[in-house]
Structures are given as structure tokens and as C-alpha cells.
file model13.csv (CSV, C-alpha atoms and all ligand atoms)
chain,number,residue,atom,x,y,z
A,1,MET,CA,25.3,-3.7,14.9
A,2,GLU,CA,28.2,-4.1,12.5
A,3,GLU,CA,28.8,-7.7,13.4
A,4,GLU,CA,25.1,-8.2,13.2
A,5,LEU,CA,24.9,-6.6,9.7
A,6,ASN,CA,27.5,-9.2,8.5
A,7,LEU,CA,24.9,-11.8,9.5
A,8,TYR,CA,22.3,-10.4,7.2
A,9,GLN,CA,24.8,-9.9,4.4
A,10,GLU,CA,25.7,-13.6,4.7
A,11,LEU,CA,22.1,-14.6,4.7
A,12,TYR,CA,21.6,-12.5,1.6
A,13,LYS,CA,24.7,-14.0,-0.1
A,14,ASP,CA,23.9,-17.6,0.8
A,15,TYR,CA,20.2,-17.4,0.4
A,16,SER,CA,20.0,-19.8,-2.6
A,17,ASP,CA,21.4,-22.5,-0.3
A,18,ILE,CA,19.1,-21.6,2.6
A,19,LYS,CA,15.7,-21.2,0.9
A,20,SER,CA,12.9,-23.8,0.7
A,21,PRO,CA,12.6,-25.8,-2.5
A,22,ILE,CA,9.9,-23.5,-3.9
A,23,GLY,CA,11.0,-22.2,-7.3
A,24,ALA,CA,10.5,-18.7,-8.8
A,25,VAL,CA,6.7,-19.0,-9.0
A,26,ARG,CA,3.9,-16.8,-7.7
A,27,TYR,CA,1.1,-19.5,-7.7
A,28,LEU,CA,1.6,-22.1,-5.0
A,29,SER,CA,-0.4,-25.1,-6.2
A,30,GLU,CA,-2.1,-27.6,-3.8
A,31,PRO,CA,0.2,-30.4,-4.9
A,32,LEU,CA,3.3,-28.2,-4.3
A,33,ILE,CA,2.1,-27.2,-0.8
A,34,ASN,CA,1.2,-30.8,0.0
A,35,LYS,CA,4.6,-31.9,-1.2
A,36,LEU,CA,6.4,-29.4,1.0
A,37,ASN,CA,4.4,-30.3,4.1
A,38,HIS,CA,4.9,-34.0,3.4
A,39,GLN,CA,8.7,-33.4,3.1
A,40,ILE,CA,8.7,-31.4,6.3
A,41,SER,CA,6.7,-34.0,8.1
A,42,HIS,CA,9.6,-36.5,7.9
A,43,GLN,CA,11.5,-34.2,10.2
A,44,HIS,CA,9.0,-32.1,12.1
A,45,GLN,CA,5.5,-32.3,13.5
A,46,ILE,CA,2.7,-30.6,11.5
A,47,VAL,CA,-0.3,-29.6,13.5
A,48,ASN,CA,-3.7,-29.8,11.8
A,49,GLU,CA,-5.4,-26.6,13.1
A,50,GLY,CA,-8.8,-27.1,11.5
A,51,ASN,CA,-10.5,-26.7,8.1
A,52,SER,CA,-11.4,-24.1,5.5
A,53,VAL,CA,-14.8,-23.6,4.0
A,54,LEU,CA,-14.1,-26.2,1.4
A,55,ASP,CA,-12.7,-28.5,4.1
A,56,ARG,CA,-9.1,-28.1,3.3
A,57,VAL,CA,-6.7,-28.6,6.2
A,58,ILE,CA,-5.0,-25.5,7.7
A,59,SER,CA,-1.6,-26.5,9.0
A,60,SER,CA,0.8,-25.0,11.4
A,61,PHE,CA,4.4,-25.6,12.5
A,62,GLU,CA,6.0,-24.8,15.8
A,63,PHE,CA,9.6,-24.2,16.6
A,64,GLY,CA,11.5,-23.4,19.8
A,65,GLN,CA,11.2,-23.9,23.5
A,66,GLY,CA,11.3,-20.3,24.7
A,67,SER,CA,8.9,-18.4,26.8
A,68,PHE,CA,8.3,-15.5,24.4
A,69,LYS,CA,5.6,-16.7,21.9
A,70,ILE,CA,5.3,-15.5,18.4
A,71,LEU,CA,2.5,-16.2,15.9
A,72,ILE,CA,3.2,-15.7,12.2
A,73,TRP,CA,0.4,-16.3,9.6
A,74,SER,CA,0.6,-15.8,5.8
A,75,GLN,CA,-1.8,-15.8,2.9
A,76,MET,CA,-5.1,-14.9,4.6
A,77,HIS,CA,-5.5,-13.2,1.2
A,78,GLY,CA,-5.3,-16.1,-1.2
A,79,ASN,CA,-3.6,-14.3,-4.1
A,80,GLU,CA,-0.7,-13.1,-1.9
A,81,SER,CA,1.9,-15.8,-1.9
A,82,THR,CA,5.3,-14.1,-1.5
A,83,THR,CA,5.4,-14.2,2.3
A,84,THR,CA,4.3,-17.8,2.2
A,85,LYS,CA,7.4,-18.6,0.3
A,86,ALA,CA,9.4,-16.6,2.9
A,87,VAL,CA,7.9,-18.4,5.8
A,88,TYR,CA,8.6,-21.8,4.2
A,89,ASP,CA,12.2,-20.5,3.8
A,90,LEU,CA,12.2,-19.8,7.5
A,91,ILE,CA,10.8,-23.3,8.3
A,92,TYR,CA,13.4,-25.0,6.1
A,93,TYR,CA,16.1,-22.8,7.7
A,94,PHE,CA,15.0,-23.8,11.2
A,95,LEU,CA,15.0,-27.5,10.1
A,96,SER,CA,18.5,-27.2,8.6
A,97,SER,CA,20.1,-25.7,11.7
A,98,LYS,CA,22.7,-24.2,9.5
A,99,PHE,CA,22.8,-21.1,11.6
A,100,LYS,CA,25.4,-18.4,10.8
A,101,ASN,CA,26.0,-17.2,14.4
A,102,SER,CA,25.1,-17.8,18.0
A,103,ASP,CA,22.4,-15.1,18.0
A,104,GLU,CA,20.4,-17.1,15.5
A,105,ALA,CA,21.2,-20.4,17.1
A,106,ASP,CA,19.9,-19.0,20.3
A,107,LEU,CA,16.6,-17.9,18.8
A,108,LEU,CA,14.9,-21.2,19.4
A,109,ASN,CA,16.0,-21.3,23.1
A,110,HIS,CA,14.3,-17.9,23.7
A,111,LEU,CA,11.3,-18.0,21.5
A,112,ARG,CA,8.4,-20.3,20.7
A,113,ILE,CA,7.3,-19.6,17.2
A,114,LYS,CA,4.1,-20.9,15.5
A,115,ILE,CA,3.8,-20.5,11.8
A,116,ILE,CA,0.7,-20.8,9.7
A,117,PRO,CA,1.9,-20.6,6.0
A,118,VAL,CA,-1.5,-20.6,4.3
A,119,LEU,CA,-4.4,-19.4,6.4
A,120,ASN,CA,-6.8,-19.3,3.4
A,121,PRO,CA,-6.1,-22.4,1.3
A,122,ASP,CA,-9.3,-22.1,-0.7
A,123,GLY,CA,-8.4,-18.6,-1.8
A,124,SER,CA,-4.8,-19.6,-2.3
A,125,PHE,CA,-5.6,-22.4,-4.7
A,126,ALA,CA,-8.3,-20.5,-6.5
A,127,TRP,CA,-6.0,-17.4,-6.6
A,128,THR,CA,-8.6,-15.1,-5.0
A,129,ARG,CA,-8.2,-12.5,-2.3
A,130,THR,CA,-11.2,-13.8,-0.5
A,131,ASN,CA,-12.1,-17.2,0.9
A,132,ALA,CA,-14.5,-19.6,-0.7
A,133,ASN,CA,-17.5,-17.6,0.7
A,134,GLN,CA,-16.1,-14.5,-1.0
A,135,VAL,CA,-15.3,-12.9,2.4
A,136,ASP,CA,-12.2,-10.8,2.8
A,137,LEU,CA,-10.7,-12.5,5.9
A,138,ASN,CA,-8.8,-9.4,6.9
A,139,ARG,CA,-12.1,-7.6,7.2
A,140,ASP,CA,-13.6,-10.3,9.4
A,141,ALA,CA,-11.6,-9.9,12.6
A,142,LYS,CA,-14.5,-8.5,14.6
A,143,ASP,CA,-17.4,-10.6,13.2
A,144,GLN,CA,-15.4,-13.9,12.8
A,145,SER,CA,-18.0,-15.2,10.5
A,146,GLN,CA,-15.7,-17.6,8.6
A,147,PRO,CA,-14.1,-20.9,9.7
A,148,GLU,CA,-10.6,-19.5,8.8
A,149,THR,CA,-11.0,-16.4,11.0
A,150,LYS,CA,-12.6,-18.4,13.8
A,151,LEU,CA,-9.6,-20.7,13.6
A,152,LEU,CA,-7.1,-17.8,13.7
A,153,MET,CA,-8.8,-16.3,16.8
A,154,ARG,CA,-9.0,-19.6,18.5
A,155,ILE,CA,-5.3,-20.1,17.9
A,156,ILE,CA,-4.6,-16.6,19.3
A,157,ASP,CA,-6.7,-17.4,22.4
A,158,ASP,CA,-5.1,-20.9,23.0
A,159,PHE,CA,-1.5,-20.2,22.0
A,160,LYS,CA,-1.5,-16.7,23.6
A,161,PRO,CA,1.2,-15.1,21.5
A,162,ASP,CA,3.2,-12.2,22.8
A,163,PHE,CA,3.7,-10.9,19.3
A,164,CYS,CA,2.2,-11.5,15.9
A,165,PHE,CA,3.2,-11.1,12.2
A,166,ASN,CA,0.4,-10.7,9.7
A,167,MET,CA,2.0,-11.4,6.3
A,168,HIS,CA,0.6,-10.0,2.9
A,169,ASP,CA,1.5,-8.9,-0.6
A,170,GLN,CA,0.8,-5.5,-1.9
A,171,ARG,CA,-0.1,-4.5,-5.5
A,172,SER,CA,2.6,-3.1,-7.8
A,173,ILE,CA,1.1,0.4,-7.6
A,174,PHE,CA,2.9,1.7,-4.5
A,175,GLU,CA,5.6,4.3,-4.3
A,176,ALA,CA,7.7,4.5,-1.1
A,177,GLU,CA,10.0,7.5,-1.5
A,178,GLU,CA,11.1,10.0,-4.2
A,179,SER,CA,9.9,8.0,-7.2
A,180,GLN,CA,11.1,4.7,-5.8
A,181,ALA,CA,8.7,1.7,-5.8
A,182,ALA,CA,7.8,0.2,-2.5
A,183,GLN,CA,9.4,-3.3,-2.4
A,184,LEU,CA,8.2,-3.7,1.2
A,185,SER,CA,5.8,-1.9,3.4
A,186,PHE,CA,5.0,-2.2,7.1
A,187,LEU,CA,2.2,-1.1,9.4
A,188,SER,CA,1.8,-0.7,13.1
A,189,ALA,CA,-2.0,-0.4,13.0
A,190,SER,CA,-4.0,2.0,15.0
A,191,TYR,CA,-5.9,0.6,18.0
A,192,ARG,CA,-8.6,3.3,18.0
A,193,LYS,CA,-10.0,6.0,15.7
A,194,ASP,CA,-7.8,8.9,16.8
A,195,ARG,CA,-4.6,7.0,15.7
A,196,SER,CA,-3.0,7.8,19.0
A,197,LEU,CA,0.0,5.9,20.3
A,198,ASN,CA,0.1,3.4,23.1
A,199,GLU,CA,2.6,0.8,24.3
A,200,THR,CA,1.3,-1.9,22.0
A,201,ARG,CA,1.7,0.3,18.9
A,202,LEU,CA,5.1,1.4,20.1
A,203,LYS,CA,6.2,-2.3,20.4
A,204,SER,CA,5.2,-3.0,16.8
A,205,MET,CA,6.9,0.2,15.7
A,206,HIS,CA,10.0,-0.8,17.4
A,207,VAL,CA,10.2,-4.2,15.7
A,208,ILE,CA,9.4,-2.6,12.3
A,209,ASN,CA,12.2,-0.1,12.9
A,210,SER,CA,14.6,-2.9,13.6
A,211,MET,CA,13.7,-4.6,10.3
A,212,HIS,CA,13.8,-1.4,8.4
A,213,GLN,CA,17.3,-0.6,9.7
A,214,VAL,CA,18.7,-3.8,8.2
A,215,LEU,CA,16.5,-4.0,5.1
A,216,GLN,CA,17.2,-0.4,3.9
A,217,LYS,CA,20.9,-1.4,3.6
A,218,PHE,CA,19.7,-3.7,0.7
A,219,ILE,CA,16.9,-1.5,-0.7
A,220,PRO,CA,17.5,2.1,0.2
A,221,GLU,CA,14.3,4.2,-0.2
A,222,GLN,CA,12.2,1.3,-1.2
A,223,ILE,CA,10.4,0.6,2.0
A,224,GLY,CA,7.1,2.3,2.8
A,225,ARG,CA,4.7,2.7,5.7
A,226,TYR,CA,1.0,1.9,5.3
A,227,ASP,CA,-1.8,4.4,6.1
A,228,ASP,CA,-2.9,3.8,9.7
A,229,ALA,CA,-6.6,4.7,9.4
A,230,PHE,CA,-8.4,2.6,12.0
A,231,ASN,CA,-10.6,-0.4,11.0
A,232,ILE,CA,-11.6,-2.8,13.8
A,233,ASN,CA,-12.4,-5.4,11.2
A,234,CYS,CA,-8.8,-5.7,10.2
A,235,PHE,CA,-6.7,-8.1,12.2
A,236,GLY,CA,-3.8,-5.7,13.0
A,237,ASP,CA,-6.2,-3.1,14.3
A,238,ASN,CA,-8.3,-5.6,16.2
A,239,LEU,CA,-5.4,-7.2,17.9
A,240,HIS,CA,-3.8,-3.9,18.7
A,241,ALA,CA,-7.2,-3.0,20.4
A,242,ARG,CA,-6.7,-6.1,22.5
A,243,ALA,CA,-3.1,-5.0,23.4
A,244,LEU,CA,-1.4,-7.8,21.2
A,245,PRO,CA,1.4,-6.2,19.2
A,246,THR,CA,1.1,-7.2,15.5
A,247,VAL,CA,3.3,-6.2,12.6
A,248,LEU,CA,1.7,-6.1,9.2
A,249,VAL,CA,4.2,-7.0,6.4
A,250,GLU,CA,3.4,-6.2,2.8
A,251,ALA,CA,5.6,-7.8,0.2
A,252,GLY,CA,5.8,-5.5,-2.8
A,253,HIS,CA,7.1,-5.2,-6.3
A,254,THR,CA,10.0,-3.5,-8.1
A,255,GLY,CA,11.4,-3.7,-11.6
A,256,ASN,CA,10.7,-6.9,-13.5
A,257,ASP,CA,10.6,-9.1,-10.4
A,258,TYR,CA,7.0,-10.4,-11.1
A,259,ALA,CA,7.9,-13.7,-9.4
A,260,ARG,CA,8.8,-11.5,-6.4
A,261,GLU,CA,11.8,-13.6,-5.6
A,262,LYS,CA,13.9,-10.6,-4.4
A,263,THR,CA,11.1,-9.5,-2.2
A,264,ARG,CA,10.8,-13.1,-0.8
A,265,LYS,CA,14.5,-13.0,0.1
A,266,LEU,CA,14.1,-9.6,1.8
A,267,CYS,CA,11.0,-10.8,3.7
A,268,PHE,CA,13.0,-13.8,5.0
A,269,ILE,CA,15.9,-11.6,6.1
A,270,GLY,CA,13.4,-9.2,7.7
A,271,LEU,CA,11.8,-12.0,9.7
A,272,ILE,CA,15.2,-13.2,11.0
A,273,ARG,CA,16.0,-9.6,12.0
A,274,ALA,CA,12.6,-9.3,13.8
A,275,LEU,CA,13.0,-12.6,15.6
A,276,ILE,CA,16.5,-11.6,16.8
A,277,GLU,CA,15.1,-8.4,18.1
A,278,LEU,CA,12.3,-10.2,19.9
A,279,LYS,CA,14.7,-12.7,21.5
A,280,ASP,CA,15.4,-10.2,24.3
A,281,PHE,CA,12.7,-7.7,23.6
A,282,GLN,CA,13.0,-4.3,25.1
A,283,THR,CA,11.3,-1.3,23.5
A,284,SER,CA,13.2,1.9,23.1
A,285,GLU,CA,11.8,5.4,23.6
A,286,ASN,CA,11.0,7.4,20.5
A,287,SER,CA,10.2,4.4,18.4
A,288,ASP,CA,7.4,6.5,16.9
A,289,ILE,CA,9.9,9.1,15.6
A,290,TYR,CA,11.9,6.6,13.6
A,291,TYR,CA,8.8,4.8,12.5
A,292,HIS,CA,7.2,8.0,11.2
A,293,SER,CA,10.4,8.8,9.2
A,294,ILE,CA,9.6,5.8,7.0
A,295,PRO,CA,7.7,7.4,4.1
A,296,GLU,CA,4.0,6.7,3.8
A,297,ASN,CA,3.0,4.7,0.7
A,298,SER,CA,1.3,6.4,-2.2
A,299,LYS,CA,-0.4,4.8,-5.2
A,300,ASN,CA,1.9,6.4,-7.8
A,301,TYR,CA,3.2,3.3,-9.7
A,302,THR,CA,2.0,1.3,-12.6
A,303,ASP,CA,3.4,-1.7,-14.4
A,304,LEU,CA,4.0,-0.1,-17.8
A,305,LEU,CA,3.8,3.6,-18.5
A,306,ILE,CA,3.7,4.9,-22.1
A,307,LYS,CA,4.3,8.7,-22.2
A,308,ASN,CA,3.0,11.0,-24.9
A,309,TYR,CA,0.9,8.5,-26.9
A,310,SER,CA,-0.9,9.9,-29.9
A,311,VAL,CA,-4.6,9.3,-29.2
A,312,SER,CA,-5.7,11.5,-32.1
A,313,GLU,CA,-4.1,13.8,-34.8
A,314,THR,CA,-3.8,16.6,-32.3
A,315,GLU,CA,-3.7,15.0,-28.9
A,316,THR,CA,-1.1,13.0,-26.9
A,317,LEU,CA,-1.8,11.5,-23.6
A,318,ASP,CA,0.0,9.1,-21.1
A,319,ILE,CA,-1.3,5.5,-20.9
A,320,SER,CA,-0.9,3.4,-17.8
A,321,ILE,CA,-1.0,-0.4,-18.4
A,322,ARG,CA,-1.3,-2.8,-15.5
A,323,TYR,CA,-1.5,-6.6,-15.3
A,324,ARG,CA,-4.4,-8.7,-14.4
A,325,GLU,CA,-3.4,-12.1,-12.9
A,326,ILE,CA,-5.3,-15.0,-14.3
A,327,LEU,CA,-4.8,-18.6,-13.1
A,328,SER,CA,-4.2,-21.0,-16.0
A,329,GLU,CA,-5.1,-24.6,-16.2
A,330,LYS,CA,-1.4,-25.4,-16.0
A,331,SER,CA,-1.2,-23.9,-12.5
A,332,THR,CA,0.6,-20.9,-13.7
A,333,LEU,CA,-0.4,-17.2,-13.6
A,334,ILE,CA,-1.0,-15.3,-16.8
A,335,PHE,CA,-0.2,-11.6,-16.5
A,336,GLU,CA,-2.6,-10.0,-18.9
A,337,PRO,CA,-2.0,-6.4,-19.7
A,338,TYR,CA,-4.9,-3.9,-19.8
A,339,ILE,CA,-5.3,-0.1,-20.0
A,340,ASP,CA,-5.7,1.2,-16.4
A,341,GLN,CA,-5.5,5.0,-16.8
A,342,ILE,CA,-5.4,7.5,-19.7
A,343,GLY,CA,-4.5,11.1,-19.2
A,344,ASN,CA,-1.8,13.4,-18.0
A,345,LEU,CA,0.0,11.0,-15.8
A,346,ASP,CA,3.0,13.1,-14.8
A,347,HIS,CA,2.6,12.0,-11.2
A,348,ILE,CA,2.8,8.3,-12.1
A,349,PHE,CA,6.0,6.2,-12.4
A,350,GLY,CA,6.3,3.0,-14.4
A,351,HIS,CA,8.1,-0.2,-13.4
A,352,GLN,CA,8.8,0.1,-17.1
A,353,THR,CA,8.5,3.4,-19.0
A,354,MET,CA,8.5,4.2,-22.7
A,355,ASP,CA,8.1,7.5,-24.4
A,356,ALA,CA,6.2,7.7,-27.7
A,357,GLU,CA,8.0,11.0,-28.5
A,358,LEU,CA,11.3,9.1,-28.7
A,359,GLU,CA,10.2,5.9,-30.3
A,360,ASP,CA,7.4,4.9,-32.7
A,361,ILE,CA,5.0,3.1,-30.4
A,362,GLN,CA,1.7,1.6,-31.3
A,363,ILE,CA,-0.6,0.0,-28.6
A,364,ASN,CA,-2.4,-3.0,-30.3
A,365,SER,CA,-5.8,-3.3,-28.7
A,366,GLU,CA,-9.4,-3.1,-29.8
A,367,LYS,CA,-9.7,0.5,-28.7
A,368,ILE,CA,-7.6,2.9,-26.6
A,369,GLU,CA,-10.0,2.9,-23.7
A,370,LEU,CA,-10.1,2.0,-20.0
A,371,GLN,CA,-10.0,-1.8,-19.3
A,372,ALA,CA,-9.1,-2.6,-22.9
A,373,ILE,CA,-6.8,-5.6,-23.1
A,374,VAL,CA,-3.4,-4.9,-24.7
A,375,LYS,CA,-2.6,-7.6,-27.2
A,376,SER,CA,0.9,-6.4,-28.1
A,377,LEU,CA,3.0,-3.3,-28.6
A,378,THR,CA,4.6,-2.3,-31.9
A,379,ILE,CA,7.8,-0.5,-31.2
A,380,ASN,CA,9.8,0.8,-34.2
A,381,ALA,CA,8.0,-1.7,-36.4
A,382,ASN,CA,8.8,-4.7,-34.1
A,383,VAL,CA,5.9,-6.4,-32.3
A,384,PHE,CA,6.3,-7.2,-28.6
A,385,VAL,CA,3.8,-9.4,-26.8
A,386,VAL,CA,3.4,-7.8,-23.3
A,387,LYS,CA,1.5,-10.7,-21.8
A,388,PHE,CA,3.6,-13.3,-19.9
A,389,GLU,CA,3.2,-16.3,-17.7
A,390,ILE,CA,5.0,-17.3,-14.5
B,401,ZN,ZN,-3.4,-8.8,1.9
call {"tool": "encode", "arguments": {"input": "model13.csv", "output": "C-alpha cells", "more": "lines below"}}
Ligand SMILES: [Zn+2]
result
Amino acid sequence: MEEELNLYQELYKDYSDIKSPIGAVRYLSEPLINKLNHQISHQHQIVNEGNSVLDRVISSFEFGQGSFKILIWSQMHGNESTTTKAVYDLIYYFLSSKFKNSDEADLLNHLRIKIIPVLNPDGSFAWTRTNANQVDLNRDAKDQSQPETKLLMRIIDDFKPDFCFNMHDQRSIFEAEESQAAQLSFLSASYRKDRSLNETRLKSMHVINSMHQVLQKFIPEQIGRYDDAFNINCFGDNLHARALPTVLVEAGHTGNDYAREKTRKLCFIGLIRALIELKDFQTSENSDIYYHSIPENSKNYTDLLIKNYSVSETETLDISIRYREILSEKSTLIFEPYIDQIGNLDHIFGHQTMDAELEDIQINSEKIELQAIVKSLTINANVFVVKFEI
């Protein structure tokens, strides 16, 4: 394990040389994705898997000649791009062949990996969770009412993967452990209502545990586990019900990393770890015990927390401010602050926290009420615009 850990430390250290040429952005525009695919096409075959509602091409890339087959898809929720950046990093890494050790070099001899970087291109370019028919594709696994979900199920039937990765972003509201924000979360979904264990769930748990063991060296206490309430309409649950192990990865948020670049790097390293584990896959007993020791996520975080704010002469309350992401005409995202909660918020932590008892703070908005847009903050007579653009 120690020698192996060196590998991940090296990947972490050399990541800027490894990663794909996507910059520190959240919104991945259509020209950017087309440019990447075009660049890759000089070296590697792109498969046109089919089309979205608005007739956009959904592409995949395949690597390796092994017998164990892995399917990875990202951005089935259009406004969740961090893992798309990470899977493009993986694609560029495979193309570069600049592997650090024999374990990695051996990956493509043992595995056959199909990657779909953007499953929901219409949602991705419009920056919406849903597809162009306003359907949440991760609630459409059973009905398969949409071209994108039909396409994914068709790929699963044809390619017959042994293992899947369902890659997402989570909102910035999640706490992992002891007041720490969840930078990453995982789920081995239930396969039926009673949430009982079976071999398929244990396989997913085993791979999650292997990723967790490495990643927690970089981000101790910042990895969470998602609630495993069963929903047959979600892909993870549905595929587990069909005995196909599927790991849900949720790229999260900490600190001021709104471009989620640190998370992207950790997702890439986590994927390498998972692939090495799957190279000679053997499950261990007690995978569930380790898995359940990962803390379950709770919705205890906000972007900006202002404590003890004077809402009247006699009353002070805490104010939680969150960001709404708005796609601009310049293909950037505007993070617009709005008031999300008002009250006694002792149980809430802020990615940024200020105390109005210690500093003179004024929230500049039409009214101090829920959903009100925050134009700026005045702190000790200086005005700070909280809105920003990435
Ligand atoms: Zn999602």
C-alpha cells in the first residue's frame, strides 16, 4: 500500500502536467467540448453513440483491451461538470501514456473502459439539471422515456459492463464529518426497499472503500456517504437491482473552490485508484463495515453564513446566503448571492462565516427576507460585492 500511495502522491503533485487542457471553469461550453473532442480525434477514435433531444451528438471513448469492462458516464445532470473535467483528464492521461508505474501501465491490458463525458449535452450547454424536455435523467432509469436514457441503457445492454461509475456534482450544502464540508461523496445504492446487502452492493462498497482509503489521505474527514433510500428510477438503484455494480460519485465543494478544481483533481485520482482496484478485482469480506464508517452526508452547510445579524432594534438572527448559478451570454457562470435561511442557524456551517457581533456588517438587499438578492455587504464601512463570475 505504501508504494501505491506514492503513486497517488505523484499524481497529485504532477497533476498540472497530466490534466486535460480544460481551464479552471465550471461551465463547459459547446465549442470547448467540440475542440477537445476534435483534438482527441487526431489520436483516438470517437464513437458517436446517438443523439440528444435537440439532436446533439453524444460521444464515447474506449480504452484498453482487457476482459473486465467498465462504463463511466458523467454529466447526466447538465449543471454538474466537475466529473466531466475529471474524465477528460483521464482520457488525456490514457492518451499521453505517461504512466507513473507498472500498475497503471497494466490497466489497459486488463480493463476495457468506455467513457461518456457528457450524457446530457442539451442540459450541459443550457446549464440545467434536466434534459431539453425538463426530465431529470437520473429519475428516468425505469421509464427510459428520453433519448439520452434509452441510449445509456442500450450501451449497457450492448457493451455489457462488469462495473459502472455514475458521475455527478453535489451542491455546496453538504457536511461530511464534524463540521467538515463534503468535498466528495459516494453511494453504493440500495437494490430494494429494505436497503439490505447483496453481492452487487458489496462490490460497489469495496471499490468505494478503496477510493476512500487513498483520498482521505488528501482530504481527511471531507468524504461523505449518500443516503441509500431506494428509488428504482435512479440509475444506481436500478442497475444494482439488475446485479450490475455501480458507484455513484458526487463531486462536492469546500472553501473558496467554486471552480471545483481541487475536487476535479481528487476525482481523477479516485478514478485511477478505482481502476487499479478493478484490474484484479476481488471483493473482501466486511466491505460494508468500512463503508458504513464513512459518515453520512447532512445538509448543514451554506456558502456564506452571517451570525448575529441585527434584523431589528431588539433581535439578532443568523443569515444563510447561497449562490444561484446563472449562465451568462459570455459562457461564464454568474454566482448570484441570495438569502436562503434566516433564523437561529447554530447547526449550520459556512464555507465563509462572519459574525456581526465582531464586525459592523450590513447586508445590502431590498429587504432581509428569503430569496432576496444580496447586492453587496458593507463590512466596517467598506463595500464588498459578493457576486462573482467564473
Ligand atoms: Zn447529479
call {"tool": "residues_around", "arguments": {"input": "model13.csv", "residues": "Asp55 in chain A", "least_positions_apart": "6", "cutoff": "10 Å", "atoms": "all atoms listed in the file", "output": "list in words"}}
result
Pro121, Asp122 and Pro147 of chain A
call {"tool": "write_last_selection", "arguments": {"input": "model13.csv", "atoms": "C-alpha atoms", "output": "mmCIF file, in the frame of the given file"}}
result
data_model
loop_
_atom_site.group_PDB
_atom_site.id
_atom_site.type_symbol
_atom_site.label_atom_id
_atom_site.label_comp_id
_atom_site.auth_asym_id
_atom_site.auth_seq_id
_atom_site.Cartn_x
_atom_site.Cartn_y
_atom_site.Cartn_z
ATOM 1 C CA PRO A 121 -6.100 -22.400 1.300
ATOM 2 C CA ASP A 122 -9.300 -22.100 -0.700
ATOM 3 C CA PRO A 147 -14.100 -20.900 9.700
#
call {"tool": "residues_near_ligand", "arguments": {"input": "model13.csv", "ligand": "ligand ZN 401 (chain B)", "cutoff": "12 Å", "atoms": "all atoms listed in the file", "output": "MDAnalysis selection string"}}
result
chainID A and resid 73:84 119:120 123:124 128:130 136:139 166:171 185:186 234:236 248:252
call {"tool": "residues_around", "arguments": {"input": "model13.csv", "residues": "Thr302 in chain A", "least_positions_apart": "5", "cutoff": "10 Å", "atoms": "all atoms listed in the file", "output": "ChimeraX atom specification"}}
result
/A:171-175,181,319-323,340-341,348-353
call {"tool": "closest_atom_pairs", "arguments": {"input": "model13.csv", "of": "range 67-155 of chain A", "to": "range 6-18 of chain A", "cutoff": "8 Å", "atoms": "all atoms listed in the file", "output": "tab-separated table"}}
result
residue	atom	partner	partner_atom	distance
A:Asp89	CA	A:Ile18	CA	7.1
A:Tyr92	CA	A:Ile18	CA	7.5
A:Tyr93	CA	A:Ile18	CA	6.0
A:Lys100	CA	A:Leu7	CA	6.7
A:Asn101	CA	A:Leu7	CA	7.4
call {"tool": "atom_distance", "arguments": {"input": "model13.csv", "atom1": "CA of Leu36 in chain A", "atom2": "CA of Lys85 in chain A"}}
result
10.9 Å
call {"tool": "atom_distance", "arguments": {"input": "model13.csv", "atom1": "CA of Asp106 in chain A", "atom2": "CA of His38 in chain A"}}
result
27.1 Å
call {"tool": "atom_distance", "arguments": {"input": "model13.csv", "atom1": "CA of Leu278 in chain A", "atom2": "CA of Arg260 in chain A"}}
result
26.6 Å
call {"tool": "closest_residue", "arguments": {"input": "model13.csv", "among": "A:Phe268, A:Glu49, A:Asn209, A:Leu32", "to": "Ile91 in chain A", "atoms": "only C-alpha atoms"}}
result
A:Phe268
call {"tool": "residues_around", "arguments": {"input": "model13.csv", "residues": "Asn51 in chain A", "least_positions_apart": "4", "cutoff": "9 Å", "atoms": "all atoms listed in the file", "output": "list of chain:residue names"}}
result
A:Asp55, A:Arg56, A:Val57, A:Ile58, A:Ser59, A:Pro147, A:Glu148, A:Leu151
